[in-house]
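*Asks:* Pasting coords_31.csv below, which is CSV, C-alpha atoms and all ligand atoms.
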chain,number,residue,atom,x,y,z
A,1,MET,CA,93.7,62.7,110.6
A,2,ALA,CA,95.8,65.6,111.7
A,3,SER,CA,94.5,67.8,114.4
A,4,ILE,CA,94.3,71.6,115.0
A,5,PRO,CA,97.7,73.0,115.9
A,6,THR,CA,98.4,74.5,119.3
A,7,TYR,CA,100.8,77.1,120.7
A,8,GLU,CA,103.1,74.2,121.5
A,9,ASP,CA,103.3,73.5,117.8
A,10,VAL,CA,104.2,77.2,117.1
A,11,ALA,CA,107.0,77.0,119.7
A,12,ALA,CA,108.3,73.8,118.2
A,13,ALA,CA,108.2,75.4,114.8
A,14,ALA,CA,110.3,78.3,116.1
A,15,GLY,CA,112.9,75.8,117.2
A,16,ARG,CA,113.1,74.3,113.7
A,17,LEU,CA,113.3,77.7,112.1
A,18,LEU,CA,116.1,78.9,114.3
A,19,GLY,CA,119.2,79.7,112.1
A,20,HIS,CA,117.1,79.2,108.9
A,21,ALA,CA,114.5,82.0,108.9
A,22,HIS,CA,115.4,85.6,109.6
A,23,ARG,CA,114.2,87.1,112.9
A,24,THR,CA,112.7,90.1,111.1
A,25,PRO,CA,112.8,93.6,112.6
A,26,VAL,CA,110.0,95.4,114.5
A,27,LEU,CA,109.9,99.0,113.2
A,28,ARG,CA,108.3,102.1,114.6
A,29,SER,CA,107.1,105.3,112.9
A,30,SER,CA,106.4,108.4,114.8
A,31,THR,CA,104.3,109.7,111.9
A,32,ALA,CA,102.1,106.6,112.0
A,33,ASP,CA,101.9,106.8,115.8
A,34,SER,CA,100.7,110.4,115.8
A,35,ARG,CA,98.3,109.8,112.9
A,36,LEU,CA,96.5,107.2,115.0
A,37,GLY,CA,97.3,108.4,118.5
A,38,ALA,CA,98.6,104.9,119.2
A,39,GLN,CA,101.9,103.1,119.6
A,40,LEU,CA,102.3,101.0,116.5
A,41,HIS,CA,104.8,98.1,116.3
A,42,PHE,CA,105.3,96.9,112.7
A,43,LYS,CA,106.5,93.3,112.4
A,44,CYS,CA,108.2,93.5,109.0
A,45,GLU,CA,108.0,90.1,107.2
A,46,ASN,CA,108.7,91.9,103.9
A,47,PHE,CA,112.3,91.4,105.1
A,48,GLN,CA,111.8,87.6,105.6
A,49,ARG,CA,113.8,85.2,103.4
A,50,MET,CA,112.2,85.2,99.9
A,51,GLY,CA,110.3,88.4,100.9
A,52,ALA,CA,107.3,87.1,102.9
A,53,PHE,CA,106.3,85.2,106.1
A,54,LYS,CA,105.5,82.1,104.0
A,55,PHE,CA,109.0,80.8,104.3
A,56,ARG,CA,108.2,80.1,108.0
A,57,GLY,CA,105.3,77.7,107.3
A,58,ALA,CA,106.9,76.1,104.3
A,59,TYR,CA,110.3,75.3,106.0
A,60,ASN,CA,108.5,74.0,109.1
A,61,ALA,CA,106.3,71.7,107.0
A,62,LEU,CA,109.2,70.4,104.8
A,63,SER,CA,111.6,69.9,107.7
A,64,ARG,CA,109.1,67.4,109.1
A,65,PHE,CA,109.0,65.1,106.0
A,66,SER,CA,110.1,61.5,106.4
A,67,ALA,CA,113.1,60.2,104.4
A,68,GLY,CA,110.7,58.7,101.8
A,69,GLN,CA,108.8,62.0,101.5
A,70,ARG,CA,112.0,63.8,100.9
A,71,ARG,CA,113.0,61.5,98.1
A,72,GLY,CA,109.6,62.0,96.4
A,73,GLY,CA,109.7,65.8,96.9
A,74,VAL,CA,107.0,68.4,97.4
A,75,LEU,CA,104.2,69.8,95.2
A,76,ALA,CA,102.5,73.1,95.9
A,77,PHE,CA,99.9,75.4,94.4
A,78,SER,CA,100.2,79.1,94.9
A,79,SER,CA,99.6,82.5,93.4
A,80,GLY,CA,103.2,83.4,94.4
A,81,ASN,CA,104.7,83.6,97.8
A,82,HIS,CA,103.9,80.1,98.9
A,83,ALA,CA,105.5,78.9,95.7
A,84,GLN,CA,108.8,80.8,96.4
A,85,ALA,CA,108.7,79.6,100.0
A,86,ILE,CA,108.3,75.9,99.1
A,87,ALA,CA,110.9,76.2,96.3
A,88,LEU,CA,113.5,77.8,98.6
A,89,SER,CA,112.8,75.4,101.5
A,90,ALA,CA,113.0,72.4,99.2
A,91,ARG,CA,116.4,73.6,97.9
A,92,LEU,CA,117.7,74.1,101.4
A,93,LEU,CA,116.4,70.7,102.5
A,94,GLN,CA,117.6,69.1,99.2
A,95,MET,CA,114.4,67.7,97.8
A,96,PRO,CA,112.6,68.1,94.4
A,97,ALA,CA,109.8,70.7,94.1
A,98,ALA,CA,107.0,71.3,91.5
A,99,ILE,CA,104.8,74.3,91.8
A,100,LEU,CA,101.4,75.0,90.2
A,101,MET,CA,101.1,78.7,89.5
A,102,PRO,CA,98.3,80.8,87.8
A,103,LEU,CA,99.0,82.1,84.3
A,104,ASP,CA,98.5,85.7,85.6
A,105,ALA,CA,100.9,85.4,88.6
A,106,PRO,CA,103.3,88.4,88.9
A,107,ALA,CA,106.3,87.8,86.7
A,108,SER,CA,108.7,88.4,89.5
A,109,LYS,CA,107.2,85.6,91.6
A,110,VAL,CA,107.3,83.1,88.7
A,111,GLU,CA,110.9,84.0,87.9
A,112,ALA,CA,111.9,83.8,91.6
A,113,THR,CA,110.3,80.3,91.9
A,114,ILE,CA,112.2,79.0,88.9
A,115,GLY,CA,115.3,80.7,90.2
A,116,TYR,CA,115.1,78.7,93.4
A,117,GLY,CA,115.2,75.5,91.3
A,118,ALA,CA,111.6,74.4,91.3
A,119,GLU,CA,109.6,73.2,88.2
A,120,VAL,CA,106.7,75.6,87.5
A,121,ILE,CA,103.4,74.3,86.0
A,122,GLN,CA,101.0,77.0,85.0
A,123,TYR,CA,97.1,76.9,85.0
A,124,ASP,CA,94.2,79.3,84.5
A,125,ARG,CA,92.9,80.4,87.9
A,126,TYR,CA,89.6,81.6,86.6
A,127,THR,CA,88.6,78.3,85.0
A,128,GLN,CA,90.6,75.4,86.5
A,129,ASP,CA,90.2,73.9,89.9
A,130,ARG,CA,93.7,74.1,91.3
A,131,GLU,CA,93.1,71.8,94.3
A,132,ALA,CA,91.9,68.9,92.1
A,133,LEU,CA,94.7,69.5,89.7
A,134,ALA,CA,97.3,69.5,92.5
A,135,GLU,CA,96.0,66.3,94.0
A,136,ARG,CA,96.1,64.5,90.7
A,137,LEU,CA,99.6,65.6,89.9
A,138,ALA,CA,100.9,64.8,93.4
A,139,SER,CA,99.6,61.2,93.3
A,140,GLU,CA,100.8,60.7,89.7
A,141,ARG,CA,104.3,61.8,90.7
A,142,GLY,CA,104.6,60.5,94.2
A,143,MET,CA,105.1,64.0,95.7
A,144,THR,CA,103.7,65.3,99.0
A,145,LEU,CA,101.2,68.2,98.5
A,146,ILE,CA,101.7,71.1,100.9
A,147,PRO,CA,98.8,73.5,100.7
A,148,PRO,CA,99.4,77.2,101.2
A,149,TYR,CA,97.5,77.6,104.4
A,150,ASP,CA,95.3,74.7,105.5
A,151,HIS,CA,97.9,72.5,107.1
A,152,PRO,CA,98.9,72.2,110.8
A,153,ASP,CA,102.6,72.5,110.2
A,154,VAL,CA,102.1,75.5,107.9
A,155,ILE,CA,99.9,77.3,110.4
A,156,ALA,CA,102.3,76.6,113.2
A,157,GLY,CA,105.2,78.0,111.2
A,158,GLN,CA,103.3,81.2,110.3
A,159,GLY,CA,102.6,81.7,114.0
A,160,THR,CA,106.3,82.2,114.7
A,161,ALA,CA,106.2,85.8,113.4
A,162,ALA,CA,103.7,86.9,115.9
A,163,LYS,CA,105.5,84.9,118.6
A,164,GLU,CA,108.6,86.9,117.9
A,165,LEU,CA,106.7,90.2,118.0
A,166,PHE,CA,105.2,89.5,121.4
A,167,GLU,CA,108.5,88.3,122.8
A,168,GLU,CA,110.2,91.5,121.5
A,169,VAL,CA,107.6,94.2,122.5
A,170,GLY,CA,105.5,92.5,125.2
A,171,GLU,CA,101.8,92.3,125.4
A,172,LEU,CA,99.6,94.3,123.0
A,173,ASP,CA,96.1,95.7,123.0
A,174,ALA,CA,95.4,94.8,119.3
A,175,LEU,CA,97.1,92.9,116.5
A,176,PHE,CA,96.2,93.4,112.8
A,177,VAL,CA,97.0,90.5,110.5
A,178,CYS,CA,96.7,90.2,106.7
A,179,LEU,CA,94.2,87.5,105.7
A,180,GLY,CA,93.9,85.2,102.7
A,181,GLY,CA,93.3,81.6,103.6
A,182,GLY,CA,94.1,82.2,107.3
A,183,GLY,CA,97.4,80.4,107.9
A,184,LEU,CA,99.1,83.6,109.1
A,185,LEU,CA,96.0,84.7,111.1
A,186,GLY,CA,95.5,81.3,112.6
A,187,GLY,CA,99.1,81.0,113.7
A,188,SER,CA,99.2,84.6,115.0
A,189,ALA,CA,96.0,84.0,117.0
A,190,LEU,CA,97.6,80.9,118.6
A,191,ALA,CA,100.6,83.0,119.6
A,192,ALA,CA,98.5,85.9,120.8
A,193,ARG,CA,96.3,83.7,123.0
A,194,ALA,CA,99.4,82.2,124.7
A,195,LEU,CA,101.6,85.3,125.0
A,196,SER,CA,99.1,88.2,125.2
A,197,PRO,CA,95.8,86.7,126.1
A,198,ARG,CA,93.9,90.0,126.3
A,199,CYS,CA,95.1,91.2,122.9
A,200,LYS,CA,92.3,91.7,120.3
A,201,VAL,CA,93.2,89.9,117.1
A,202,TYR,CA,91.9,91.2,113.8
A,203,GLY,CA,92.2,89.6,110.4
A,204,VAL,CA,92.1,91.9,107.4
A,205,GLU,CA,91.0,90.9,103.9
A,206,PRO,CA,90.3,92.7,100.6
A,207,GLU,CA,86.9,94.4,100.4
A,208,ALA,CA,86.4,92.6,97.1
A,209,GLY,CA,86.7,89.2,98.7
A,210,ASN,CA,85.3,89.2,102.3
A,211,ASP,CA,84.7,85.5,102.5
A,212,GLY,CA,86.5,85.3,105.9
A,213,GLN,CA,84.3,88.0,107.3
A,214,GLN,CA,81.1,86.3,106.0
A,215,SER,CA,82.4,82.9,107.4
A,216,LEU,CA,82.9,84.4,110.9
A,217,ARG,CA,79.5,86.0,110.9
A,218,LEU,CA,77.7,82.9,109.6
A,219,GLY,CA,79.6,80.3,111.6
A,220,ARG,CA,80.5,78.2,108.5
A,221,ILE,CA,83.1,78.4,105.7
A,222,VAL,CA,81.7,80.6,102.9
A,223,ASP,CA,83.0,80.1,99.3
A,224,ILE,CA,83.3,83.0,96.9
A,225,ALA,CA,84.4,83.5,93.3
A,226,THR,CA,88.1,84.5,92.9
A,227,PRO,CA,88.0,88.2,94.0
A,228,ARG,CA,89.5,90.9,91.7
A,229,THR,CA,91.8,93.0,93.9
A,230,ILE,CA,95.3,94.3,93.8
A,231,ALA,CA,96.0,92.1,96.9
A,232,ASP,CA,97.1,89.1,94.8
A,233,GLY,CA,98.2,87.2,97.9
A,234,ALA,CA,94.7,87.3,99.4
A,235,GLN,CA,92.6,86.2,96.4
A,236,THR,CA,91.5,83.1,98.2
A,237,GLN,CA,88.0,81.7,97.7
A,238,HIS,CA,87.5,80.3,101.2
A,239,LEU,CA,89.2,79.7,104.6
A,240,GLY,CA,90.5,76.2,105.4
A,241,LYS,CA,89.1,73.6,107.8
A,242,PHE,CA,91.9,74.1,110.3
A,243,THR,CA,92.2,77.8,109.9
A,244,PHE,CA,88.5,78.4,110.2
A,245,GLU,CA,88.4,76.4,113.5
A,246,ILE,CA,91.2,78.5,115.0
A,247,ILE,CA,89.8,81.8,113.6
A,248,ARG,CA,86.3,81.3,115.0
A,249,ARG,CA,87.7,80.4,118.4
A,250,ASP,CA,90.6,82.9,118.8
A,251,VAL,CA,90.0,85.8,116.4
A,252,ASP,CA,88.0,88.8,117.5
A,253,ASP,CA,86.8,90.1,114.2
A,254,ILE,CA,87.6,90.3,110.5
A,255,LEU,CA,87.9,93.6,108.8
A,256,THR,CA,88.3,94.7,105.2
A,257,ALA,CA,90.4,97.2,103.2
A,258,SER,CA,89.7,98.7,99.8
A,259,ASP,CA,92.3,98.7,97.0
A,260,GLU,CA,92.5,102.5,97.3
A,261,GLN,CA,93.4,102.2,101.0
A,262,LEU,CA,96.0,99.6,100.2
A,263,VAL,CA,97.6,102.0,97.7
A,264,GLU,CA,97.7,104.7,100.3
A,265,ALA,CA,99.4,102.4,102.8
A,266,MET,CA,101.9,101.3,100.1
A,267,ARG,CA,102.8,104.9,99.6
A,268,PHE,CA,103.1,105.5,103.3
A,269,PHE,CA,105.5,102.5,103.8
A,270,ALA,CA,107.6,103.7,100.8
A,271,GLU,CA,107.8,107.4,101.7
A,272,ARG,CA,107.8,107.3,105.5
A,273,MET,CA,109.4,104.0,106.4
A,274,LYS,CA,111.5,103.5,103.3
A,275,MET,CA,110.2,100.0,102.5
A,276,ILE,CA,108.5,98.3,99.7
A,277,VAL,CA,105.5,96.4,100.8
A,278,GLU,CA,103.3,94.4,98.3
A,279,PRO,CA,99.6,95.3,98.2
A,280,THR,CA,98.5,92.2,100.2
A,281,GLY,CA,101.1,93.2,102.9
A,282,CYS,CA,99.3,96.6,103.3
A,283,LEU,CA,96.0,95.1,104.4
A,284,SER,CA,96.8,95.2,108.2
A,285,PHE,CA,97.9,98.8,108.3
A,286,ALA,CA,95.2,100.0,106.0
A,287,ALA,CA,92.5,98.6,108.3
A,288,ALA,CA,94.2,100.0,111.4
A,289,CYS,CA,94.0,103.4,109.7
A,290,HIS,CA,90.5,103.1,108.1
A,291,ALA,CA,88.3,100.4,109.7
A,292,GLY,CA,87.1,102.8,112.4
A,293,LEU,CA,88.4,101.0,115.5
A,294,GLN,CA,89.2,103.1,118.5
A,295,LEU,CA,93.0,102.7,118.9
A,296,ARG,CA,93.9,106.0,120.7
A,297,GLY,CA,96.4,105.3,123.5
A,298,LYS,CA,96.6,101.6,122.5
A,299,ARG,CA,99.7,99.4,121.9
A,300,VAL,CA,99.1,97.9,118.5
A,301,GLY,CA,100.9,95.3,116.4
A,302,ILE,CA,100.8,95.5,112.6
A,303,LEU,CA,101.9,92.3,110.8
A,304,VAL,CA,103.3,93.5,107.5
A,305,SER,CA,103.2,90.2,105.6
A,306,GLY,CA,105.4,90.6,102.5
A,307,GLY,CA,107.2,92.8,100.0
A,308,ASN,CA,107.2,90.9,96.7
A,309,VAL,CA,105.9,93.2,93.9
A,310,ASP,CA,107.3,93.9,90.4
A,311,LEU,CA,109.0,97.2,90.4
A,312,LYS,CA,106.9,98.3,87.4
A,313,ARG,CA,103.7,97.4,89.1
A,314,PHE,CA,104.8,99.1,92.3
A,315,ALA,CA,105.5,102.3,90.4
A,316,ALA,CA,102.2,102.1,88.5
A,317,LEU,CA,100.3,101.6,91.8
A,318,ALA,CA,102.1,103.9,94.1
A,319,GLY,CA,103.5,106.5,91.7
B,1,LIG,C1,99.9,84.4,101.6
B,1,LIG,C2,100.0,85.8,102.0
B,1,LIG,C3,99.0,86.4,102.8
B,1,LIG,C4,97.8,85.6,103.3
B,1,LIG,O1,98.2,84.6,104.1
B,1,LIG,P1,97.2,83.4,104.5
B,1,LIG,O2,98.0,82.5,105.4
B,1,LIG,O3,96.7,82.7,103.2
B,1,LIG,O4,96.0,84.0,105.1
B,1,LIG,C5,99.1,87.7,103.1
B,1,LIG,N1,100.2,88.4,102.7
B,1,LIG,C6,101.1,87.9,101.9
B,1,LIG,C7,102.3,88.8,101.5
B,1,LIG,C8,101.1,86.6,101.5
B,1,LIG,O5,102.0,86.1,100.7
In structure tokens, how does this file's structure come out?
Ligand SMILES: *Cc1c(COP(=O)(O)O)cnc(C)c1O

*Replies:*
Amino acid sequence: MASIPTYEDVAAAAGRLLGHAHRTPVLRSSTADSRLGAQLHFKCENFQRMGAFKFRGAYNALSRFSAGQRRGGVLAFSSGNHAQAIALSARLLQMPAAILMPLDAPASKVEATIGYGAEVIQYDRYTQDREALAERLASERGMTLIPPYDHPDVIAGQGTAAKELFEEVGELDALFVCLGGGGLLGGSALAARALSPRCKVYGVEPEAGNDGQQSLRLGRIVDIATPRTIADGAQTQHLGKFTFEIIRRDVDDILTASDEQLVEAMRFFAERMKMIVEPTGCLSFAAACHAGLQLRGKRVGILVSGGNVDLKRFAALAG
């Protein structure tokens, strides 16, 4: 039985990612600073390889496969970015990959996954249990299943983004992190506790699917129906066993953002910072603006998680 990852695992992951993942930029915006009266540091994982932080966890996990596992290849299930991350990592590490994706996944994400050389198998996310399906396929095909968030090597890899942020800008008063299943938040919290122990760490999930917030309040993992939100990377139904243990120990609170607030943040990123951020990637900044926390005079980190959105959909939402 694997155990909960530690900061040492995040540091080891950073070593494996060196020369393979981009060290993404930390951007500033004086407009955002003056709006909140704070000093905001945006860690821009929308500029990561394949367009989101998920490359970090996927590459870290796959680079730890044994020779036998590499021959069998990797199987993953994902609404999008984890699929692309696994597909690209598998190509770089020269192993076969098969990806289970929902029928309503954004076309750009399906195309990109196929473009990276993976086989895509589609399923209905509103009626089929993807986890059971994935387990059955993996054992039939002799592939290793790498889940999108609840895996120690995935969590450790995701933590390298926040590690880079703290190393670049120093300690922070608060860090806002987009939250789906908690791989990014869990890894970020490990980095924060090691590198900036007094930093408040906040997860941010869609208002329509606040299972993480409920889980933290109740002290147990709460399961919900697939939420309907524009934040397609955070339509998870529950936190993971590993991610929940880290979150309840190391995360200060979980906040929510509405779809309307996500659209406003998307527009801000496009107009003011000249970058395309997908709806899920806007969660962190939306909550920093609207969740009512007192940030005046504070040094704040905003983890911008990804930028993969169809141009047509982006125009329809932000236009
Ligand atoms: C997957 C994803 C998230 C959520 O990450 P978790 O590790 O599942 O919490 C947030 N933003 C983007 C862009 C993602 O792809």

*Asks:* List all protein, DNA and RNA residues that have any atom at most 9 Å from ligand LIG 1 (chain B), counting all atoms listed in the file, and write the list as a short mmCIF file (atom, residue, chain, number, x, y, z; two decimals) with C-alpha atoms, in the coordinates of the input.

*Replies:*
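Result went into part_34.cif, see below:
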data_model
loop_
_atom_site.label_atom_id
_atom_site.label_comp_id
_atom_site.auth_asym_id
_atom_site.auth_seq_id
_atom_site.Cartn_x
_atom_site.Cartn_y
_atom_site.Cartn_z
CA GLU A 45 108.00 90.10 107.20
CA ASN A 46 108.70 91.90 103.90
CA GLY A 51 110.30 88.40 100.90
CA ALA A 52 107.30 87.10 102.90
CA PHE A 53 106.30 85.20 106.10
CA LYS A 54 105.50 82.10 104.00
CA GLY A 57 105.30 77.70 107.30
CA SER A 78 100.20 79.10 94.90
CA SER A 79 99.60 82.50 93.40
CA GLY A 80 103.20 83.40 94.40
CA ASN A 81 104.70 83.60 97.80
CA HIS A 82 103.90 80.10 98.90
CA PRO A 148 99.40 77.20 101.20
CA TYR A 149 97.50 77.60 104.40
CA ASP A 150 95.30 74.70 105.50
CA VAL A 154 102.10 75.50 107.90
CA ILE A 155 99.90 77.30 110.40
CA GLN A 158 103.30 81.20 110.30
CA VAL A 177 97.00 90.50 110.50
CA CYS A 178 96.70 90.20 106.70
CA LEU A 179 94.20 87.50 105.70
CA GLY A 180 93.90 85.20 102.70
CA GLY A 181 93.30 81.60 103.60
CA GLY A 182 94.10 82.20 107.30
CA GLY A 183 97.40 80.40 107.90
CA LEU A 184 99.10 83.60 109.10
CA LEU A 185 96.00 84.70 111.10
CA GLY A 186 95.50 81.30 112.60
CA GLY A 187 99.10 81.00 113.70
CA GLY A 203 92.20 89.60 110.40
CA GLU A 205 91.00 90.90 103.90
CA ALA A 231 96.00 92.10 96.90
CA ASP A 232 97.10 89.10 94.80
CA GLY A 233 98.20 87.20 97.90
CA ALA A 234 94.70 87.30 99.40
CA GLN A 235 92.60 86.20 96.40
CA THR A 236 91.50 83.10 98.20
CA LEU A 239 89.20 79.70 104.60
CA THR A 243 92.20 77.80 109.90
CA VAL A 277 105.50 96.40 100.80
CA GLU A 278 103.30 94.40 98.30
CA PRO A 279 99.60 95.30 98.20
CA THR A 280 98.50 92.20 100.20
CA GLY A 281 101.10 93.20 102.90
CA CYS A 282 99.30 96.60 103.30
CA LEU A 283 96.00 95.10 104.40
CA VAL A 304 103.30 93.50 107.50
CA SER A 305 103.20 90.20 105.60
CA GLY A 306 105.40 90.60 102.50
CA GLY A 307 107.20 92.80 100.00
CA ASN A 308 107.20 90.90 96.70
#

*Asks:* Any idea what the distance is between atom CA of A:Phe285 and atom CA of A:Phe176?

*Replies:*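 Straight-line distance from atom CA of A:Phe285 to atom CA of A:Phe176 works out to 7.2 Å.
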
*Asks:* Env of stretch 31-43 of chain A: 6 Å cut, atoms = only C-alpha atoms, seq-sep filter 6 positions within chain, self excluded. Answer as a compact mmCIF listing (two decimals) with C-alpha atoms, in the frame of the given file.

*Replies:*
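Done, and the output landed in around-v3.txt:
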# COMPACT_ATOMS: atom_id res chain seq x y z
CA ARG A 296 93.90 106.00 120.70
CA GLY A 297 96.40 105.30 123.50
CA LYS A 298 96.60 101.60 122.50
CA ARG A 299 99.70 99.40 121.90
CA VAL A 300 99.10 97.90 118.50
CA GLY A 301 100.90 95.30 116.40
CA ILE A 302 100.80 95.50 112.60
CA LEU A 303 101.90 92.30 110.80
CA VAL A 304 103.30 93.50 107.50

*Asks:* Residues at most 7 Å from A:Pro206, counting all atoms listed in the file, excluding those fewer than 5 positions away in the same chain, as a JSON list (two decimals) with C-alpha atoms, keeping the file's coordinate frame?

*Replies:*
[["chain", "number", "residue", "atom", "x", "y", "z"],
["A", 229, "THR", "CA", 91.80, 93.00, 93.90],
["A", 231, "ALA", "CA", 96.00, 92.10, 96.90],
["A", 256, "THR", "CA", 88.30, 94.70, 105.20],
["A", 257, "ALA", "CA", 90.40, 97.20, 103.20],
["A", 258, "SER", "CA", 89.70, 98.70, 99.80]]

*Asks:* Could you tell me how far atom CA of A:Asn210 sits from atom CA of A:Glu260, in Å to one decimal place?

*Replies:*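 So the answer is 15.9 Å.
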
*Asks:* Given the choices A:Glu119, A:Ile4, A:Gly15, A:Asp253, which gets closest to A:Lys163 if the distance is worked out from all atoms listed in the file?

*Replies:*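 Once distances to A:Lys163 are computed over all atoms listed in the file, the minimum belongs to A:Gly15.
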
*Asks:* For a test of reading the model, state the distance in Å between atom CA of A:Leu172 and atom CA of A:Ala194, rounded to one decimal.

*Replies:* 12.2 Å

*Asks:* Do a neighbour search on A:Gln69 at 12 Å with all atoms listed in the file, toss out local chain neighbours closer than 2 positions, and write the hits as a list in words.

*Replies:* Ala61, Leu62, Ser63, Arg64, Phe65, Ser66, Ala67, Arg71, Gly72, Gly73, Val74, Leu75, Ala90, Leu93, Gln94, Met95, Pro96, Ala97, Ala138, Arg141, Gly142, Met143, Thr144, Leu145 and Ile146 of chain A

*Asks:* When you count only C-alpha atoms, which of these residues is closest to A:Ser284: A:Leu27, A:Ala11, A:Phe47, A:Ala265?

*Replies:*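 Ranked by minimum distance to A:Ser284, first place goes to A:Ala265.
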
*Asks:* Counting all atoms listed in the file, figure out which residue out of A:Leu137, A:Val120, A:Ala162, A:Ala107 gets nearest to A:Arg23.

*Replies:*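 Ranked by minimum distance to A:Arg23, first place goes to A:Ala162.
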
*Asks:* Do a neighbour search on A:Ala225 at 12 Å with only C-alpha atoms, toss out local chain neighbours closer than 3 positions, and write the hits as a PyMOL selection string.

*Replies:* chain A and resi 125-127+129+208-211+222+228+235-238

*Asks:* Hey, what's within 12 Å of A:Ala191 if we count only C-alpha atoms and toss same-chain stuff fewer than 4 positions away? As a ChimeraX atom specification, please?

*Replies:* /A:5-11,13-14,155-167,171-172,175,184-187,195-199,201,246,250-251

*Asks:* Considering all atoms listed in the file, can you say which of A:Ile114, A:Val263, A:Leu92, A:Ala192 comes closest to A:Arg313?

*Replies:*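 Checking each candidate against A:Arg313, we get A:Val263 as the closest.
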